[in-house]
Amino acid sequence: MKHIANRLFAASVIALAVGTSTAAYAQNDSEIVVTAQRRSQSIQDVGIAMTAFSGDTLRQMGVGSSVDIARLTPGVSISASAGGQNSQFSIRGVTQNDFSDAIEAPVAVYVDETYIPNLNGQIFGTFDLDRVEVLKGPQGTLFGRNATGGLVHFIPKKPSDTPEGYLDLTYGRFNHVRVEGAMGVPLSEKVQVRISGLYNRYDPILKNIYPTGLGTALGATPPGPKYGQDLWNDDTFAVRGQIQFKPTEDLTIRLTGSIARTKFGENPYNSVATIAVYDDQQRLVNVKFSDPTETRIAIGPNGENVGLDGLPTTNTRPVAGGDLFGFVAPSAKSLKISKDWALSKLNHLTSYDTAMHIDYDFGGAQLVAITNYRRFDKFNGTDVDAGAENLINFISDSLQKSFSQEVRLSGGDKGFRWVTGAYYLHINSHVNNGFAAPSNSIFAGYFPGFEESGIDLVNDVRLKTDSYSAFANIEYEFMPKWTFLLGGRLIYEKQDYNFASYGYANYDDYAFDITDTPLFTSADNPPYANRRHKTMWAGKAQIEFRPNDDTLLYMGVNRGVKGGNYNAVLPDGTVLAASQIPYKPETLTSYEGGFKLTLLDSKLTLDGSAYYYDYKNYQAFTFANVSGIVSNNDARTYGAELSINARPVEGLNIGAGISVLDAKVKDLALAPGLVRDVKPTFTPTTQLAGQINYTIPAAVAGGSVTIGGDLSWRSKVYGNIRNFDADVIKSYFLANAHVYWTSDDDHYKLGFGVDNIFDKRYRTVTYNLATLCGCNEESYGNPRWWNINFKYTY
């Protein structure tokens with residue numbers, strides 16, 4: 001653990017020198033109030049490593065999407081797929097980058113105390129937020145479902161007794177238009193409403209120069225009738241409505257409803273040529289990026305050229321430095337692509353959400369009951385080769401519905417507090433995913449009789465999950481300044497799974513044609529059905545010591561669990577035995593200690609923690625060929641975090657945040673007889689992140705001027721758990737800055753900001769397809785982006 005300590009010390013010195021910040025800069029107030037333990041507390045009184053940001057602060061820093069939180073929070077990163085259009089949170093190496101729409105994440109995302117039960121729902125436009133809380137480490141006792149690695153909670157502003165509202169307008173690069181607004185009105189002493197909404201759109205960032213770089217007649221016929229359009233655009237609309245009733249002083253009933261719709265183009269991947277490396281047993285042992293002179297198909301154990309079975313090419317690459325079909329992609333720095341299967345209005349995601357919140361104060365106890373229904377409707381398509389050849393394309397068309405009911409009762413005072421309750425969740429997922437091999441595509445040529453018409457290879461995946469749990473948590477001050485926390489959750493889960501894989505005739509090159517009778521059923525992966533149930537438990541035991549009002553020391557053990565699921569490999573020739581289809585729940589036992597200090601009359605806060613994670617049956621997703629499977633492997637992680645926030649003078653907030661860790665997944669099978677310890681995906685060993693904000697004391701034009709910015713640095717990560725050379729996503733540094741003027745009455749705000757000041761081209765996603773096309777699919781973070789902003793508040 002010595003190298004962890006060395007990295008933490010070095011990173012601390014650097015971060016303190018540059019004056020960045022994290023957790024405590026969440027709000028300008030000296031005290032940040034959170035609900036991490038299901039009651040309102042100062043963040044410095046909560047024995048959990050966590051970060052909180054107010055909604056206003058997030059908008060000032062240019063946060064417009066849920067996953068932007070990661071750049072501000074050391075220990076939190078994003079695992080992503082679908083060109084960044086399907087992104088998930090990763091906390092301290094706890095991640096899941098399986099792209100199946102029937103999968104849940106091990107880091108739970110909540111909106112307004114309701115759980116989002118799929119990976120699709122973790123990326124959304126943020127608007128009208130009161131605050132965001134990020135809790136690190138298992139939170140299964142009080143939050144339950146799949147909070148193994150932690151929790152990200154988005155808390156919207158609620159109706160109030162005071163009329164209020166705002167209109168927030170932004171215009172920026174790529175013809176970016178963002179409109180956010182809200183209006184809250186008390187209809188009477190007992191009824192209040194609030195309506196808020198968001199509209200966000202921008203033009204395509206990537207210019208499509210198809211068919212540049214094709215370099216060969218192989219696969220040169222594009223799909224029809226449209227193709228080769230510009231990509232990486234957005235068109236999002238969302239609205240949320242709330243009505244709150246207070247029939248008595250003790251009873252509050254709040255009804256909420258929201259709808260969000262996003263339309264965007266085919267996933268904005270670029271292609272980078274790669275080359276596979278085989279050992280003397282013909283096992284794939286590495287994949288490397290090809291250099292501009294590379295002509296080998298693959299590399300044998302002695303460096304010789306090795307052919308790949310079934311590849312319709314010569315024994316060498318048609319074009320030096322290109323992929324297996326002769327395609328040479330434009331540089332990512334040019335913001336250009338050359339793709340055939342590319343439509344600017346192909347993909348969409350629509351979500352619906354409604355909930356009822358009931359709060360009743362009995363005097364000695366408080367009751368909370370939350371009923372929630374969600375629906376996600378998604379279509380997502382990807383040009384698998386990410387290039388100009390007409391090879392094969394991936395489509396996922398899914399519908400997911402969920403219903404949950406939580407009831408909890410809490411009470412007590414400073415010396416003894418308690419919470420208990422029950423939770424039920426039902427999820428019904430139906431996913432059609434697989435490959436669309438368009439007319440005249442290379443892949444369709446493998447199917448006699450379908451060379452010209454094309455063919456669709458479609459998995460039909462259906463999963464129903466019912467989860468029942470009961471939980472309890474106590475905080476007992478067993479002696480002055482010492483508190484003992486004990487909690488547990490008992491979970492009973494049932495699953496009903498059905499899988500089948502079919503072939504259909506192709507009529508539409510950009511959609512599945514599944515209305516006809518299937519032409520055939522897959523022989524590689526025949527239909528599979530399974531029902532199972534499992535009893536699991538999560539728990540917490542912690543000791544806290546408060547020697548004075550400004551110091552908190554804590555040490556504890558947390559146990560988190562995530563339910564099992566099923567592998568549904570894509571129809572790429574991968575064959576699974578029936579025993580490989582279901583995989584087990586994963587269990588994480590966390591040993592953690594930390595401190596929280598409030599110093600210099602609340603002008604300085606210093607928080608730190610160190611932890612060790614012991615993982616049993618870690619759900620490791622391995623992407624290989626054109627598909628992927630999850631296996632259960634043991635794993636371990638240890639690390640430490642430190643954050644500091646200072647308010648040395650009025651109007652100035654500076655600070656620093658650092659996270660360092662070492663993670664290992666044990667005994668991962670890369671090939672028959674080839675087993676290695678590897679690092680989990682999207683897990684940086686070191687992160688620094690933070691912000692600085694200063695309001696000039698002198699009045700300017702009847703108002704005040706604030707200057708600020710945020711910086712972040714992340715070490716390299718692997719986009720694939722095999723940890724091959726071509727799976728590396730390099731480290732990167734980002735800097736953002738803003739300046740805004742606020743009127744003295746706080747009604748008007750005018751600002752200007754620049755994100756990614758140095759115009760860094762940094763990879764966010766990579767998929768290794770060396771055995772399919774001799775290429776990687778890769779997507780990148782936003783280029784430099786300027787914006788101007790006007791906000792009116794009343």
# chains A, B, ... in the order shown; residues from 1 in each chain; ligands from 1
$ select_by_dssp --residues "segment 252-391 of chain A" --states "strand (DSSP E)" --output "number ranges by chain"
A: 252-264, 270-278, 284-289, 298-299, 305-306, 336-337, 347-361, 365-383
$ closest_atom_pairs --of "segment 688-717 of chain A" --to "segment 755-759 of chain A" --cutoff "10 Å" --atoms "only C-alpha atoms" --output "JSON lines"
{"residue": "A:Gly709", "atom": "CA", "partner": "A:Asp755", "partner_atom": "CA", "distance": 9.2}
{"residue": "A:Asp710", "atom": "CA", "partner": "A:Asp755", "partner_atom": "CA", "distance": 9.3}
{"residue": "A:Leu711", "atom": "CA", "partner": "A:Asn756", "partner_atom": "CA", "distance": 9.5}
$ closest_residue --among "A:Leu142, A:Leu255, A:Ile427, A:Val665" --to "Ala538 of chain A" --atoms "only C-alpha atoms"
A:Leu142
$ residues_around --residues "Gly639 of chain A" --least-positions-apart "4" --cutoff "6 Å" --atoms "only C-alpha atoms" --output "ChimeraX atom specification"
/A:610-611,660-661
$ write_last_selection --atoms "all heavy atoms" --output "PDB file, in the first residue's frame"
ATOM      1  N   ALA A 610      -9.995   6.215   3.985  1.00  0.00           N
ATOM      2  CA  ALA A 610      -9.224   5.113   3.419  1.00  0.00           C
ATOM      3  C   ALA A 610     -10.090   3.866   3.505  1.00  0.00           C
ATOM      4  O   ALA A 610     -10.883   3.704   4.444  1.00  0.00           O
ATOM      5  CB  ALA A 610      -7.907   4.912   4.170  1.00  0.00           C
ATOM      6  N   TYR A 611      -9.960   2.976   2.511  1.00  0.00           N
ATOM      7  CA  TYR A 611     -10.883   1.840   2.443  1.00  0.00           C
ATOM      8  C   TYR A 611     -10.206   0.630   1.824  1.00  0.00           C
ATOM      9  O   TYR A 611      -9.207   0.726   1.101  1.00  0.00           O
ATOM     10  CB  TYR A 611     -12.130   2.199   1.635  1.00  0.00           C
ATOM     11  CG  TYR A 611     -11.829   2.653   0.212  1.00  0.00           C
ATOM     12  CD1 TYR A 611     -11.762   1.746  -0.838  1.00  0.00           C
ATOM     13  CD2 TYR A 611     -11.589   3.994  -0.067  1.00  0.00           C
ATOM     14  CE1 TYR A 611     -11.470   2.155  -2.119  1.00  0.00           C
ATOM     15  CE2 TYR A 611     -11.294   4.414  -1.350  1.00  0.00           C
ATOM     16  CZ  TYR A 611     -11.235   3.489  -2.367  1.00  0.00           C
ATOM     17  OH  TYR A 611     -10.931   3.907  -3.644  1.00  0.00           O
ATOM     18  N   VAL A 660      -7.023   8.134  -4.920  1.00  0.00           N
ATOM     19  CA  VAL A 660      -6.052   7.160  -5.423  1.00  0.00           C
ATOM     20  C   VAL A 660      -6.528   5.771  -5.010  1.00  0.00           C
ATOM     21  O   VAL A 660      -7.098   5.580  -3.930  1.00  0.00           O
ATOM     22  CB  VAL A 660      -4.637   7.415  -4.882  1.00  0.00           C
ATOM     23  CG1 VAL A 660      -4.084   8.717  -5.407  1.00  0.00           C
ATOM     24  CG2 VAL A 660      -4.611   7.406  -3.359  1.00  0.00           C
ATOM     25  N   LEU A 661      -6.322   4.791  -5.884  1.00  0.00           N
ATOM     26  CA  LEU A 661      -6.752   3.432  -5.563  1.00  0.00           C
ATOM     27  C   LEU A 661      -5.954   2.417  -6.366  1.00  0.00           C
ATOM     28  O   LEU A 661      -5.319   2.750  -7.371  1.00  0.00           O
ATOM     29  CB  LEU A 661      -8.255   3.247  -5.796  1.00  0.00           C
ATOM     30  CG  LEU A 661      -8.824   3.405  -7.215  1.00  0.00           C
ATOM     31  CD1 LEU A 661      -8.665   2.140  -8.046  1.00  0.00           C
ATOM     32  CD2 LEU A 661     -10.299   3.781  -7.163  1.00  0.00           C
TER      33      LEU A 661
END
$ closest_residue --among "A:Ile91, A:Arg489, A:Phe264, A:Gly781" --to "Thr685 of chain A" --atoms "only C-alpha atoms"
A:Ile91
$ residues_around --residues "Asn789 of chain A" --least-positions-apart "2" --cutoff "7 Å" --atoms "only C-alpha atoms" --output "short mmCIF file (atom, residue, chain, number, x, y, z; two decimals) with N, CA, C and O atoms, in the first residue's frame"
data_model
loop_
_atom_site.label_atom_id
_atom_site.label_comp_id
_atom_site.auth_asym_id
_atom_site.auth_seq_id
_atom_site.Cartn_x
_atom_site.Cartn_y
_atom_site.Cartn_z
N LEU A 169 -31.34 30.86 -20.25
CA LEU A 169 -31.12 30.73 -21.69
C LEU A 169 -29.62 30.64 -21.97
O LEU A 169 -28.84 31.43 -21.45
N THR A 170 -29.23 29.69 -22.83
CA THR A 170 -27.84 29.52 -23.20
C THR A 170 -27.72 29.35 -24.71
O THR A 170 -28.53 28.65 -25.33
N TYR A 171 -26.71 30.02 -25.28
CA TYR A 171 -26.37 29.79 -26.69
C TYR A 171 -24.87 29.57 -26.78
O TYR A 171 -24.09 30.26 -26.10
N LEU A 750 -25.90 37.33 -16.16
CA LEU A 750 -25.36 37.25 -17.51
C LEU A 750 -23.97 36.65 -17.43
O LEU A 750 -23.13 37.12 -16.65
N GLY A 751 -23.71 35.61 -18.23
CA GLY A 751 -22.43 34.93 -18.09
C GLY A 751 -21.85 34.48 -19.41
O GLY A 751 -22.52 34.43 -20.45
N PHE A 752 -20.56 34.14 -19.35
CA PHE A 752 -19.84 33.58 -20.48
C PHE A 752 -18.93 32.48 -19.95
O PHE A 752 -18.29 32.63 -18.90
N ASN A 787 -19.99 29.26 -24.54
CA ASN A 787 -21.42 29.54 -24.42
C ASN A 787 -21.63 30.88 -23.72
O ASN A 787 -20.79 31.32 -22.92
N LYS A 791 -29.89 34.56 -17.37
CA LYS A 791 -30.87 33.97 -16.46
C LYS A 791 -31.65 35.07 -15.75
O LYS A 791 -31.07 36.04 -15.26
#
$ closest_residue --among "A:Phe443, A:Phe127, A:Tyr227, A:Phe724" --to "Asn776 of chain A" --atoms "only C-alpha atoms"
A:Phe724
$ closest_atom_pairs --of "segment 389-461 of chain A" --to "segment 109-122 of chain A" --cutoff "9 Å" --atoms "only C-alpha atoms" --output "JSON lines"
{"residue": "A:Gln400", "atom": "CA", "partner": "A:Asn118", "partner_atom": "CA", "distance": 8.3}
{"residue": "A:Ser402", "atom": "CA", "partner": "A:Pro117", "partner_atom": "CA", "distance": 7.4}
{"residue": "A:Ser404", "atom": "CA", "partner": "A:Thr114", "partner_atom": "CA", "distance": 8.1}
{"residue": "A:Ile427", "atom": "CA", "partner": "A:Pro117", "partner_atom": "CA", "distance": 7.5}
$ closest_residue --among "A:Ile205, A:Ala220, A:Val193, A:Ala541" --to "Trp785 of chain A" --atoms "only C-alpha atoms"
A:Ile205
$ atom_distance --atom1 "atom CA of Arg417 of chain A" --atom2 "atom CA of Met536 of chain A"
25.3 Å
$ closest_residue --among "A:Gln282, A:Thr162, A:Gln687, A:Thr764" --to "Asp727 of chain A" --atoms "only C-alpha atoms"
A:Thr764
$ residues_around --residues "Gln37 of chain A" --least-positions-apart "2" --cutoff "10 Å" --atoms "only C-alpha atoms" --output "JSON, numbers by chain"
{"A": [34, 35, 39, 40, 41, 46, 47, 48, 139, 141, 142, 143, 419, 473]}
$ write_last_selection --atoms "N, CA and C atoms" --output "CSV table (one decimal), in the first residue's frame"
chain,number,residue,atom,x,y,z
A,34,VAL,N,-27.6,17.7,3.7
A,34,VAL,CA,-27.8,16.5,2.9
A,34,VAL,C,-28.8,15.6,3.6
A,35,THR,N,-29.2,14.6,2.8
A,35,THR,CA,-30.2,13.6,3.4
A,35,THR,C,-29.6,12.2,3.2
A,39,ARG,N,-32.4,11.6,6.6
A,39,ARG,CA,-32.8,12.8,7.4
A,39,ARG,C,-31.9,13.9,7.1
A,40,SER,N,-32.3,15.1,7.4
A,40,SER,CA,-31.5,16.3,7.1
A,40,SER,C,-30.3,16.5,8.1
A,41,GLN,N,-29.1,16.6,7.5
A,41,GLN,CA,-27.9,16.7,8.4
A,41,GLN,C,-26.9,17.6,7.6
A,46,VAL,N,-22.0,13.6,8.7
A,46,VAL,CA,-22.4,12.3,8.1
A,46,VAL,C,-21.1,11.5,8.0
A,47,GLY,N,-21.1,10.4,8.6
A,47,GLY,CA,-19.9,9.5,8.5
A,47,GLY,C,-19.9,8.7,7.3
A,48,ILE,N,-20.0,9.3,6.1
A,48,ILE,CA,-19.9,8.7,4.8
A,48,ILE,C,-19.0,9.6,3.9
A,139,GLN,N,-24.3,1.4,0.0
A,139,GLN,CA,-25.4,2.2,0.6
A,139,GLN,C,-26.6,1.3,0.7
A,141,THR,N,-28.1,-0.5,2.9
A,141,THR,CA,-29.0,-0.6,4.1
A,141,THR,C,-30.1,0.4,4.0
A,142,LEU,N,-29.9,1.6,3.7
A,142,LEU,CA,-31.0,2.6,3.6
A,142,LEU,C,-31.5,2.8,2.2
A,143,PHE,N,-30.7,2.6,1.2
A,143,PHE,CA,-31.1,2.9,-0.2
A,143,PHE,C,-31.4,1.6,-1.0
A,419,VAL,N,-34.5,4.0,11.9
A,419,VAL,CA,-35.3,4.0,10.7
A,419,VAL,C,-35.6,2.5,10.3
A,473,ASN,N,-32.2,0.5,10.6
A,473,ASN,CA,-31.0,1.1,10.9
A,473,ASN,C,-31.1,1.9,12.2
$ closest_residue --among "A:Arg283, A:Arg763, A:Arg784, A:Arg532" --to "Leu670 of chain A" --atoms "only C-alpha atoms"
A:Arg283
$ closest_atom_pairs --of "segment 179-240 of chain A" --to "segment 53-66 of chain A" --cutoff "12 Å" --atoms "only C-alpha atoms" --output "tab-separated table"
residue	atom	partner	partner_atom	distance
A:Val179	CA	A:Gly64	CA	10.8
A:Glu180	CA	A:Gly64	CA	10.0
A:Leu198	CA	A:Gly64	CA	9.9
A:Tyr199	CA	A:Gly64	CA	10.9
A:Asn200	CA	A:Gly64	CA	9.1
A:Arg201	CA	A:Gly64	CA	11.5
A:Asp234	CA	A:Ser65	CA	11.9
A:Thr236	CA	A:Ser65	CA	11.0
$ residues_around --residues "Thr535 of chain A" --least-positions-apart "3" --cutoff "9 Å" --atoms "only C-alpha atoms" --output "list in words"
Leu490, Ile491, Tyr492 and Glu493 of chain A
